[in-house]
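Engineer: My questions all concern the structure below.
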Amino acid sequence: MARTGVGGAGAGRGAGGSGVKGARRPEVRLPGALEPYGGGEVEPDGDYDGLEFVGADLAGQDGAGARFMDCALRECALDGTRLHHARFLDSVLTGVRGVGTELAEATLRDVEVVDARLGGVQLHGAVLERVLVRGGKIDFLNLRQARLRDVVFEGCVLVEPDFGGARLERVEFVDCALKAADFTAAVLKDVDFRGAAELGLAGGLDRLSGAVISAAQLLDLAPALAAELGIRVEG
């Protein structure tokens, strides 16, 4: 079962006087002996408890509405896997890979995603709570209208992530690269970009009032902010 605590990095920054609250990170403690997954296809509304999926090819399978509790998915293929409205609870996904994984309206609670290589992941309308995304690269991540609370992106590369209309609370970006991120119509509260190695925004500059950035990031964003406000910079 997962146990949560206050993330050290986020808590330290918040306590330093900026007023931003740090994210609570998951501390996933899986059962000592997970049962190997017996193979076969995942099923819609399936119930998977205490299982270890190692190198499983789940490409194109339909696990919509399934529940994964105290599970580990390691080096699994998720190309086109349909997991709409699925629930991942107290689980770890390590080295998963795939394009077009469907996780719309899914729930991820007390979950660690480590060294993922994913593209076009559909997480629109999803709920992420106490989630750590560490390492790896995710291209075209769709989090439109999603709700993120106590989420940490650490040491990963996010290419053109779409947070349009999403609600983010206590979200941290630590040593990760945000490339052409879109926060159009998003609502941010206690969102900390200061630790991001790269902060590139393609939209939603006007939605950053609930975020904190560093002085260096402000300088980097100055041209885009000037354009957003209609300020001409000459000389």
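Chain labels run A, B, ... following the order of the structure tokens; each chain numbers its residues from 1, and ligands are numbered from 1 in the order shown.
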Can you tell me, as an MDAnalysis selection string, which residues in segment 25-230 of chain A count as strand (DSSP E or B) by DSSP?
Structural biologist: chainID A and resid 25:27 35:36 47:49 51:54 57 62 67:69 72:74 77 82 87:94 97:99 102 107:119 122 127:139 142 147:154 157:159 162 167:174 177:182 187:192 198:203 211:212
Engineer: Neighbours of Gly164 of chain A within 6 Å (only C-alpha atoms; same-chain residues fewer than 5 positions away dropped), as number ranges by chain?
Structural biologist: A: 144, 183-186
Engineer: Could you please take those selected residues and save all heavy atoms as a CSV table (one decimal), in the first residue's frame?
Structural biologist:
chain,number,residue,atom,x,y,z
A,144,ARG,N,-5.8,17.9,-21.2
A,144,ARG,CA,-6.9,18.9,-21.3
A,144,ARG,C,-8.0,18.5,-20.3
A,144,ARG,O,-8.4,17.3,-20.2
A,144,ARG,CB,-7.5,19.0,-22.7
A,144,ARG,CG,-6.4,19.5,-23.7
A,144,ARG,CD,-7.1,19.7,-25.1
A,144,ARG,NE,-8.1,20.8,-25.1
A,144,ARG,CZ,-7.8,22.1,-25.2
A,144,ARG,NH1,-6.6,22.5,-25.3
A,144,ARG,NH2,-8.8,23.0,-25.2
A,183,PHE,N,-0.9,26.1,-21.6
A,183,PHE,CA,-1.8,26.2,-20.4
A,183,PHE,C,-3.0,27.0,-20.7
A,183,PHE,O,-3.6,27.6,-19.8
A,183,PHE,CB,-0.9,26.8,-19.3
A,183,PHE,CG,0.1,25.9,-18.7
A,183,PHE,CD1,1.4,25.9,-19.2
A,183,PHE,CD2,-0.2,25.0,-17.7
A,183,PHE,CE1,2.4,25.0,-18.7
A,183,PHE,CE2,0.7,24.1,-17.2
A,183,PHE,CZ,2.0,24.1,-17.7
A,184,THR,N,-3.5,27.1,-21.9
A,184,THR,CA,-4.6,27.9,-22.3
A,184,THR,C,-5.8,27.5,-21.4
A,184,THR,O,-6.2,26.3,-21.3
A,184,THR,CB,-5.0,27.7,-23.7
A,184,THR,OG1,-3.9,28.1,-24.5
A,184,THR,CG2,-6.2,28.6,-24.1
A,185,ALA,N,-6.4,28.5,-20.8
A,185,ALA,CA,-7.7,28.3,-19.9
A,185,ALA,C,-7.4,27.4,-18.7
A,185,ALA,O,-8.4,27.0,-18.1
A,185,ALA,CB,-8.8,27.8,-20.8
A,186,ALA,N,-6.2,27.1,-18.4
A,186,ALA,CA,-5.9,26.3,-17.2
A,186,ALA,C,-6.0,27.2,-15.9
A,186,ALA,O,-5.9,28.4,-16.0
A,186,ALA,CB,-4.5,25.7,-17.3
Engineer: Per residue of segment 129-194 of chain A within 8 Å of segment 198-209 of chain A, record the nearest atom pair and its distance in Å to one decimal, counting only C-alpha atoms, with rows in chain order and ascending residue number, as a Markdown table.
Structural biologist:
| residue | atom | partner | partner_atom | distance |
| --- | --- | --- | --- | --- |
| A:Cys176 | CA | A:Glu198 | CA | 6.7 |
| A:Ala177 | CA | A:Glu198 | CA | 4.5 |
| A:Leu178 | CA | A:Leu199 | CA | 5.0 |
| A:Lys179 | CA | A:Gly200 | CA | 4.8 |
| A:Ala180 | CA | A:Ala202 | CA | 4.6 |
| A:Ala181 | CA | A:Leu201 | CA | 4.7 |
| A:Asp182 | CA | A:Gly203 | CA | 4.5 |
| A:Phe183 | CA | A:Gly204 | CA | 4.3 |
| A:Thr184 | CA | A:Gly204 | CA | 3.9 |
| A:Ala185 | CA | A:Gly204 | CA | 6.6 |
| A:Ala186 | CA | A:Arg207 | CA | 6.2 |
| A:Val187 | CA | A:Arg207 | CA | 6.6 |
| A:Leu188 | CA | A:Leu208 | CA | 6.7 |
| A:Phe193 | CA | A:Leu199 | CA | 7.6 |
Engineer: Kindly save the residues from that selection, with all heavy atoms included, as an mmCIF file, in the first residue's frame.
Structural biologist:
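This is the output file again-v1.cif:
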data_model
loop_
_atom_site.group_PDB
_atom_site.id
_atom_site.type_symbol
_atom_site.label_atom_id
_atom_site.label_comp_id
_atom_site.auth_asym_id
_atom_site.auth_seq_id
_atom_site.Cartn_x
_atom_site.Cartn_y
_atom_site.Cartn_z
ATOM 1 N N CYS A 176 13.202 19.063 -15.209
ATOM 2 C CA CYS A 176 12.589 18.530 -16.413
ATOM 3 C C CYS A 176 12.496 19.622 -17.474
ATOM 4 O O CYS A 176 12.585 20.812 -17.174
ATOM 5 C CB CYS A 176 11.217 17.935 -16.118
ATOM 6 S SG CYS A 176 9.982 19.141 -15.644
ATOM 7 N N ALA A 177 12.320 19.199 -18.713
ATOM 8 C CA ALA A 177 12.205 20.135 -19.829
ATOM 9 C C ALA A 177 10.759 20.195 -20.281
ATOM 10 O O ALA A 177 10.165 19.166 -20.624
ATOM 11 C CB ALA A 177 13.106 19.697 -20.978
ATOM 12 N N LEU A 178 10.205 21.397 -20.270
ATOM 13 C CA LEU A 178 8.860 21.648 -20.799
ATOM 14 C C LEU A 178 9.026 22.343 -22.131
ATOM 15 O O LEU A 178 9.485 23.491 -22.194
ATOM 16 C CB LEU A 178 8.074 22.542 -19.844
ATOM 17 C CG LEU A 178 7.250 21.905 -18.735
ATOM 18 C CD1 LEU A 178 6.733 22.980 -17.792
ATOM 19 C CD2 LEU A 178 6.081 21.127 -19.302
ATOM 20 N N LYS A 179 8.665 21.674 -23.206
ATOM 21 C CA LYS A 179 8.838 22.218 -24.544
ATOM 22 C C LYS A 179 7.484 22.539 -25.150
ATOM 23 O O LYS A 179 6.664 21.649 -25.355
ATOM 24 C CB LYS A 179 9.598 21.215 -25.425
ATOM 25 C CG LYS A 179 10.999 20.875 -24.919
ATOM 26 C CD LYS A 179 11.657 19.813 -25.786
ATOM 27 C CE LYS A 179 13.053 19.458 -25.302
ATOM 28 N NZ LYS A 179 14.028 20.524 -25.556
ATOM 29 N N ALA A 180 7.237 23.833 -25.401
ATOM 30 C CA ALA A 180 6.005 24.293 -26.045
ATOM 31 C C ALA A 180 4.762 23.810 -25.294
ATOM 32 O O ALA A 180 3.816 23.285 -25.887
ATOM 33 C CB ALA A 180 5.950 23.843 -27.504
ATOM 34 N N ALA A 181 4.754 23.997 -23.986
ATOM 35 C CA ALA A 181 3.602 23.606 -23.173
ATOM 36 C C ALA A 181 2.464 24.600 -23.344
ATOM 37 O O ALA A 181 2.686 25.804 -23.461
ATOM 38 C CB ALA A 181 4.001 23.532 -21.705
ATOM 39 N N ASP A 182 1.248 24.105 -23.336
ATOM 40 C CA ASP A 182 0.059 24.939 -23.529
ATOM 41 C C ASP A 182 -0.798 24.903 -22.266
ATOM 42 O O ASP A 182 -1.286 23.839 -21.875
ATOM 43 C CB ASP A 182 -0.740 24.434 -24.723
ATOM 44 C CG ASP A 182 -1.852 25.404 -25.132
ATOM 45 O OD1 ASP A 182 -2.132 26.367 -24.382
ATOM 46 O OD2 ASP A 182 -2.438 25.196 -26.214
ATOM 47 N N PHE A 183 -0.950 26.069 -21.636
ATOM 48 C CA PHE A 183 -1.774 26.186 -20.431
ATOM 49 C C PHE A 183 -3.019 27.042 -20.686
ATOM 50 O O PHE A 183 -3.575 27.620 -19.756
ATOM 51 C CB PHE A 183 -0.947 26.792 -19.286
ATOM 52 C CG PHE A 183 0.094 25.868 -18.728
ATOM 53 C CD1 PHE A 183 1.382 25.869 -19.231
ATOM 54 C CD2 PHE A 183 -0.218 24.987 -17.705
ATOM 55 C CE1 PHE A 183 2.352 25.019 -18.723
ATOM 56 C CE2 PHE A 183 0.744 24.128 -17.195
ATOM 57 C CZ PHE A 183 2.031 24.143 -17.713
ATOM 58 N N THR A 184 -3.468 27.095 -21.917
ATOM 59 C CA THR A 184 -4.632 27.899 -22.252
ATOM 60 C C THR A 184 -5.840 27.510 -21.398
ATOM 61 O O THR A 184 -6.189 26.329 -21.304
ATOM 62 C CB THR A 184 -4.989 27.735 -23.744
ATOM 63 O OG1 THR A 184 -3.870 28.144 -24.534
ATOM 64 C CG2 THR A 184 -6.201 28.577 -24.112
ATOM 65 N N ALA A 185 -6.444 28.497 -20.750
ATOM 66 C CA ALA A 185 -7.653 28.310 -19.935
ATOM 67 C C ALA A 185 -7.426 27.423 -18.714
ATOM 68 O O ALA A 185 -8.384 27.021 -18.051
ATOM 69 C CB ALA A 185 -8.807 27.757 -20.772
ATOM 70 N N ALA A 186 -6.175 27.118 -18.393
ATOM 71 C CA ALA A 186 -5.888 26.305 -17.205
ATOM 72 C C ALA A 186 -6.006 27.154 -15.943
ATOM 73 O O ALA A 186 -5.927 28.375 -15.977
ATOM 74 C CB ALA A 186 -4.494 25.701 -17.307
ATOM 75 N N VAL A 187 -6.207 26.476 -14.812
ATOM 76 C CA VAL A 187 -6.251 27.134 -13.498
ATOM 77 C C VAL A 187 -5.112 26.568 -12.663
ATOM 78 O O VAL A 187 -5.052 25.357 -12.424
ATOM 79 C CB VAL A 187 -7.604 26.905 -12.801
ATOM 80 C CG1 VAL A 187 -7.598 27.536 -11.415
ATOM 81 C CG2 VAL A 187 -8.744 27.480 -13.646
ATOM 82 N N LEU A 188 -4.204 27.439 -12.222
ATOM 83 C CA LEU A 188 -3.018 27.007 -11.497
ATOM 84 C C LEU A 188 -3.043 27.533 -10.067
ATOM 85 O O LEU A 188 -3.385 28.694 -9.830
ATOM 86 C CB LEU A 188 -1.745 27.517 -12.181
ATOM 87 C CG LEU A 188 -1.221 26.745 -13.399
ATOM 88 C CD1 LEU A 188 -2.243 26.698 -14.531
ATOM 89 C CD2 LEU A 188 0.074 27.374 -13.903
ATOM 90 N N PHE A 193 7.425 26.187 -11.090
ATOM 91 C CA PHE A 193 8.234 25.941 -12.282
ATOM 92 C C PHE A 193 9.719 26.189 -12.030
ATOM 93 O O PHE A 193 10.538 25.984 -12.931
ATOM 94 C CB PHE A 193 7.790 26.870 -13.423
ATOM 95 C CG PHE A 193 6.439 26.575 -13.995
ATOM 96 C CD1 PHE A 193 5.362 27.417 -13.736
ATOM 97 C CD2 PHE A 193 6.235 25.469 -14.808
ATOM 98 C CE1 PHE A 193 4.112 27.166 -14.286
ATOM 99 C CE2 PHE A 193 4.990 25.208 -15.360
ATOM 100 C CZ PHE A 193 3.917 26.060 -15.098
#
Engineer: Using only C-alpha atoms, which protein or nucleic acid residues come within 12 Å of Lys137 of chain A? Drop anything in the same chain fewer than 2 positions from it, and give the result as a PyMOL selection string.
Structural biologist: chain A and resi 95-99+113-121+133-135+139-141+153-161+176-179
Engineer: For the selection you just gave me, I'd like the residues written to a file as a short mmCIF file (atom, residue, chain, number, x, y, z; two decimals), in the first residue's frame, keeping N, CA, C and O atoms.
Structural biologist:
data_model
loop_
_atom_site.label_atom_id
_atom_site.label_comp_id
_atom_site.auth_asym_id
_atom_site.auth_seq_id
_atom_site.Cartn_x
_atom_site.Cartn_y
_atom_site.Cartn_z
N GLY A 95 9.38 1.95 -17.25
CA GLY A 95 9.85 1.61 -18.59
C GLY A 95 8.74 1.28 -19.57
O GLY A 95 8.99 0.61 -20.57
N VAL A 96 7.52 1.74 -19.29
CA VAL A 96 6.44 1.48 -20.24
C VAL A 96 6.66 2.31 -21.50
O VAL A 96 7.24 3.40 -21.45
N ARG A 97 6.17 1.82 -22.62
CA ARG A 97 6.38 2.51 -23.89
C ARG A 97 5.14 2.33 -24.76
O ARG A 97 4.40 1.35 -24.60
N GLY A 98 4.93 3.29 -25.65
CA GLY A 98 3.79 3.15 -26.54
C GLY A 98 3.37 4.47 -27.14
O GLY A 98 3.74 5.55 -26.68
N VAL A 99 2.58 4.38 -28.19
CA VAL A 99 2.03 5.55 -28.88
C VAL A 99 0.51 5.43 -28.87
O VAL A 99 -0.04 4.36 -29.12
N VAL A 113 5.45 6.83 -12.21
CA VAL A 113 5.70 6.50 -13.61
C VAL A 113 7.17 6.82 -13.86
O VAL A 113 7.59 7.98 -13.80
N VAL A 114 7.97 5.79 -14.12
CA VAL A 114 9.43 5.95 -14.18
C VAL A 114 9.95 5.55 -15.56
O VAL A 114 9.62 4.48 -16.07
N ASP A 115 10.73 6.44 -16.16
CA ASP A 115 11.42 6.17 -17.43
C ASP A 115 10.46 5.71 -18.53
O ASP A 115 10.75 4.76 -19.28
N ALA A 116 9.34 6.37 -18.62
CA ALA A 116 8.37 6.04 -19.67
C ALA A 116 8.81 6.65 -21.00
O ALA A 116 9.43 7.72 -21.05
N ARG A 117 8.48 5.98 -22.08
CA ARG A 117 8.70 6.49 -23.44
C ARG A 117 7.36 6.41 -24.15
O ARG A 117 6.98 5.37 -24.69
N LEU A 118 6.63 7.51 -24.12
CA LEU A 118 5.26 7.51 -24.61
C LEU A 118 5.03 8.67 -25.58
O LEU A 118 5.67 9.72 -25.48
N GLY A 119 4.08 8.48 -26.47
CA GLY A 119 3.72 9.53 -27.40
C GLY A 119 2.22 9.57 -27.60
O GLY A 119 1.57 8.53 -27.73
N GLY A 120 1.67 10.79 -27.61
CA GLY A 120 0.23 10.94 -27.87
C GLY A 120 -0.64 10.31 -26.81
O GLY A 120 -1.73 9.80 -27.11
N VAL A 121 -0.21 10.34 -25.56
CA VAL A 121 -1.00 9.77 -24.47
C VAL A 121 -2.24 10.64 -24.22
O VAL A 121 -2.13 11.85 -24.04
N VAL A 133 6.11 11.52 -11.91
CA VAL A 133 6.57 11.14 -13.24
C VAL A 133 8.06 11.45 -13.27
O VAL A 133 8.46 12.61 -13.28
N ARG A 134 8.90 10.41 -13.26
CA ARG A 134 10.34 10.61 -13.14
C ARG A 134 11.07 9.99 -14.33
O ARG A 134 10.90 8.81 -14.64
N GLY A 135 11.89 10.80 -15.00
CA GLY A 135 12.68 10.32 -16.11
C GLY A 135 11.83 10.05 -17.34
O GLY A 135 10.60 10.19 -17.35
N ASP A 139 5.84 12.61 -25.43
CA ASP A 139 5.52 13.56 -26.49
C ASP A 139 4.01 13.73 -26.60
O ASP A 139 3.25 12.75 -26.54
N PHE A 140 3.58 14.98 -26.78
CA PHE A 140 2.17 15.30 -27.05
C PHE A 140 1.23 14.71 -26.00
O PHE A 140 0.24 14.05 -26.30
N LEU A 141 1.56 14.97 -24.76
CA LEU A 141 0.73 14.52 -23.63
C LEU A 141 -0.53 15.38 -23.56
O LEU A 141 -0.47 16.60 -23.45
N PHE A 153 6.68 16.31 -11.78
CA PHE A 153 7.37 15.90 -12.99
C PHE A 153 8.85 16.12 -12.74
O PHE A 153 9.28 17.26 -12.55
N GLU A 154 9.64 15.05 -12.74
CA GLU A 154 11.03 15.16 -12.32
C GLU A 154 11.96 14.48 -13.34
O GLU A 154 11.80 13.31 -13.67
N GLY A 155 12.92 15.25 -13.84
CA GLY A 155 13.93 14.69 -14.71
C GLY A 155 13.40 14.10 -16.00
O GLY A 155 14.03 13.22 -16.59
N CYS A 156 12.26 14.58 -16.46
CA CYS A 156 11.65 14.05 -17.67
C CYS A 156 11.59 15.13 -18.75
O CYS A 156 11.83 16.31 -18.49
N VAL A 157 11.29 14.72 -19.96
CA VAL A 157 11.12 15.64 -21.08
C VAL A 157 9.67 15.57 -21.54
O VAL A 157 9.17 14.48 -21.87
N LEU A 158 8.99 16.71 -21.53
CA LEU A 158 7.60 16.79 -21.98
C LEU A 158 7.57 17.67 -23.23
O LEU A 158 7.83 18.87 -23.16
N VAL A 159 7.25 17.07 -24.36
CA VAL A 159 7.23 17.78 -25.63
C VAL A 159 5.79 18.12 -26.00
O VAL A 159 4.95 17.23 -26.17
N GLU A 160 5.50 19.39 -26.07
CA GLU A 160 4.17 19.91 -26.42
C GLU A 160 3.05 19.31 -25.55
O GLU A 160 2.03 18.84 -26.08
N PRO A 161 3.23 19.33 -24.25
CA PRO A 161 2.12 18.87 -23.39
C PRO A 161 0.98 19.88 -23.41
O PRO A 161 1.20 21.09 -23.45
N CYS A 176 13.20 19.06 -15.21
CA CYS A 176 12.59 18.53 -16.41
C CYS A 176 12.50 19.62 -17.47
O CYS A 176 12.58 20.81 -17.17
N ALA A 177 12.32 19.20 -18.71
CA ALA A 177 12.20 20.14 -19.83
C ALA A 177 10.76 20.19 -20.28
O ALA A 177 10.17 19.17 -20.62
N LEU A 178 10.20 21.40 -20.27
CA LEU A 178 8.86 21.65 -20.80
C LEU A 178 9.03 22.34 -22.13
O LEU A 178 9.49 23.49 -22.19
N LYS A 179 8.67 21.67 -23.21
CA LYS A 179 8.84 22.22 -24.54
C LYS A 179 7.48 22.54 -25.15
O LYS A 179 6.66 21.65 -25.35
#
Engineer: Which distance in Å separates atom CA of Asp192 of chain A and atom CA of Gly165 of chain A, to one decimal?
Structural biologist: 18.0 Å
Engineer: When you look at segment 126-132 of chain A with a cut-off of 9 Å (counting only C-alpha atoms), what residues show up, excluding the ones that are within fewer than 6 positions of it in the same chain? I need them as JSON, numbers by chain.
Structural biologist: {"A": [4, 23, 24, 25, 26, 27, 85, 103, 104, 105, 106, 107, 108, 109, 110, 111, 112, 113, 114, 143, 144, 145, 146, 147, 148, 149, 150, 151, 152, 153, 154]}
Engineer: With only C-alpha atoms as the atoms that count, which of A:Ala211, A:Gln217, A:Asp62, A:Arg74 lies nearest to Ala197 of chain A?
Structural biologist: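 For Ala197 of chain A, the nearest of the candidates is A:Gln217.
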Engineer: Residues at most 12 Å from Met69 of chain A, counting only C-alpha atoms, excluding those fewer than 5 positions away in the same chain, as a list in words?
Structural biologist: Met1, Ala2, Val28, Arg29, Leu30, Pro31, Leu34, Gly46, Asp47, Tyr48, Asp49, Gly50, Leu51, Glu52, Ala86, Arg87, Phe88, Leu89, Asp90, Ser91, Val92, Leu93, Thr107, Leu108, Arg109, Asp110 and Val111 of chain A
Engineer: Please produce an output containing N, CA, C and O atoms for each residue in the selection, written as a CSV table (one decimal), in the first residue's frame.
Structural biologist:
chain,number,residue,atom,x,y,z
A,1,MET,N,0.8,-1.2,0.0
A,1,MET,CA,0.0,0.0,0.0
A,1,MET,C,0.9,1.2,0.0
A,1,MET,O,1.9,1.3,0.6
A,2,ALA,N,0.4,2.3,-0.7
A,2,ALA,CA,1.2,3.5,-0.8
A,2,ALA,C,1.0,4.3,0.5
A,2,ALA,O,0.0,4.4,1.1
A,28,VAL,N,5.2,4.7,-2.8
A,28,VAL,CA,4.5,3.4,-3.1
A,28,VAL,C,5.3,2.3,-2.6
A,28,VAL,O,6.5,2.1,-2.9
A,29,ARG,N,4.7,1.5,-1.7
A,29,ARG,CA,5.3,0.3,-1.1
A,29,ARG,C,4.5,-0.9,-1.6
A,29,ARG,O,3.4,-1.2,-1.0
A,30,LEU,N,5.0,-1.6,-2.6
A,30,LEU,CA,4.2,-2.7,-3.2
A,30,LEU,C,4.4,-3.9,-2.2
A,30,LEU,O,5.3,-4.0,-1.5
A,31,PRO,N,3.4,-4.8,-2.3
A,31,PRO,CA,3.5,-6.0,-1.5
A,31,PRO,C,4.8,-6.8,-1.8
A,31,PRO,O,5.3,-6.7,-2.9
A,34,LEU,N,4.7,-10.0,-5.5
A,34,LEU,CA,3.7,-9.8,-6.4
A,34,LEU,C,3.5,-11.1,-7.3
A,34,LEU,O,4.4,-11.8,-7.5
A,46,GLY,N,-11.9,-5.1,-15.8
A,46,GLY,CA,-11.2,-6.1,-15.1
A,46,GLY,C,-10.6,-5.6,-13.8
A,46,GLY,O,-10.4,-4.4,-13.5
A,47,ASP,N,-10.3,-6.6,-12.8
A,47,ASP,CA,-9.9,-6.2,-11.5
A,47,ASP,C,-8.5,-6.9,-11.3
A,47,ASP,O,-8.4,-8.1,-11.3
A,48,TYR,N,-7.4,-6.1,-11.2
A,48,TYR,CA,-6.1,-6.6,-11.2
A,48,TYR,C,-5.5,-6.1,-9.9
A,48,TYR,O,-5.2,-5.0,-9.7
A,49,ASP,N,-5.2,-7.1,-9.0
A,49,ASP,CA,-4.7,-6.7,-7.6
A,49,ASP,C,-3.4,-7.5,-7.3
A,49,ASP,O,-3.4,-8.7,-7.4
A,50,GLY,N,-2.4,-6.7,-7.0
A,50,GLY,CA,-1.1,-7.4,-6.5
A,50,GLY,C,-0.4,-8.2,-7.6
A,50,GLY,O,0.2,-9.2,-7.3
A,51,LEU,N,-0.5,-7.7,-8.9
A,51,LEU,CA,0.1,-8.4,-10.0
A,51,LEU,C,1.3,-7.7,-10.5
A,51,LEU,O,1.4,-6.4,-10.4
A,52,GLU,N,2.2,-8.4,-11.1
A,52,GLU,CA,3.4,-7.9,-11.8
A,52,GLU,C,3.3,-8.2,-13.3
A,52,GLU,O,3.3,-9.4,-13.7
A,86,ALA,N,-9.9,3.8,-16.6
A,86,ALA,CA,-9.3,2.9,-15.8
A,86,ALA,C,-8.8,3.5,-14.5
A,86,ALA,O,-8.7,4.8,-14.4
A,87,ARG,N,-8.5,2.7,-13.5
A,87,ARG,CA,-8.0,3.3,-12.2
A,87,ARG,C,-6.6,2.6,-11.9
A,87,ARG,O,-6.6,1.3,-11.8
A,88,PHE,N,-5.6,3.4,-11.6
A,88,PHE,CA,-4.3,2.9,-11.2
A,88,PHE,C,-4.1,3.4,-9.8
A,88,PHE,O,-4.0,4.6,-9.5
A,89,LEU,N,-4.0,2.5,-8.8
A,89,LEU,CA,-4.0,2.9,-7.4
A,89,LEU,C,-2.8,2.2,-6.8
A,89,LEU,O,-2.6,1.0,-6.9
A,90,ASP,N,-1.9,2.9,-6.0
A,90,ASP,CA,-0.8,2.4,-5.3
A,90,ASP,C,0.0,1.5,-6.3
A,90,ASP,O,0.3,0.3,-5.9
A,91,SER,N,0.4,2.0,-7.4
A,91,SER,CA,1.1,1.2,-8.4
A,91,SER,C,2.3,1.9,-9.0
A,91,SER,O,2.4,3.1,-8.9
A,92,VAL,N,3.1,1.1,-9.7
A,92,VAL,CA,4.3,1.6,-10.3
A,92,VAL,C,4.3,1.2,-11.8
A,92,VAL,O,4.1,0.0,-12.1
A,93,LEU,N,4.6,2.1,-12.7
A,93,LEU,CA,4.8,1.8,-14.1
A,93,LEU,C,6.2,2.2,-14.5
A,93,LEU,O,6.6,3.4,-14.4
A,107,THR,N,-8.1,7.5,-13.5
A,107,THR,CA,-7.7,7.9,-12.2
A,107,THR,C,-6.3,7.3,-11.9
A,107,THR,O,-6.2,6.1,-11.9
A,108,LEU,N,-5.4,8.2,-11.5
A,108,LEU,CA,-4.1,7.7,-11.1
A,108,LEU,C,-3.9,8.3,-9.7
A,108,LEU,O,-3.8,9.5,-9.5
A,109,ARG,N,-3.8,7.4,-8.7
A,109,ARG,CA,-3.6,7.9,-7.3
A,109,ARG,C,-2.5,7.1,-6.6
A,109,ARG,O,-2.6,5.9,-6.6
A,110,ASP,N,-1.6,7.8,-6.0
A,110,ASP,CA,-0.4,7.1,-5.4
A,110,ASP,C,0.3,6.2,-6.5
A,110,ASP,O,0.3,5.0,-6.3
A,111,VAL,N,0.8,6.9,-7.5
A,111,VAL,CA,1.4,6.2,-8.6
A,111,VAL,C,2.7,6.8,-9.0
A,111,VAL,O,2.9,8.0,-8.9
Engineer: To one decimal place, how far is atom CA of Gln122 of chain A from atom CA of Leu168 of chain A in Å?
Structural biologist: 17.1 Å
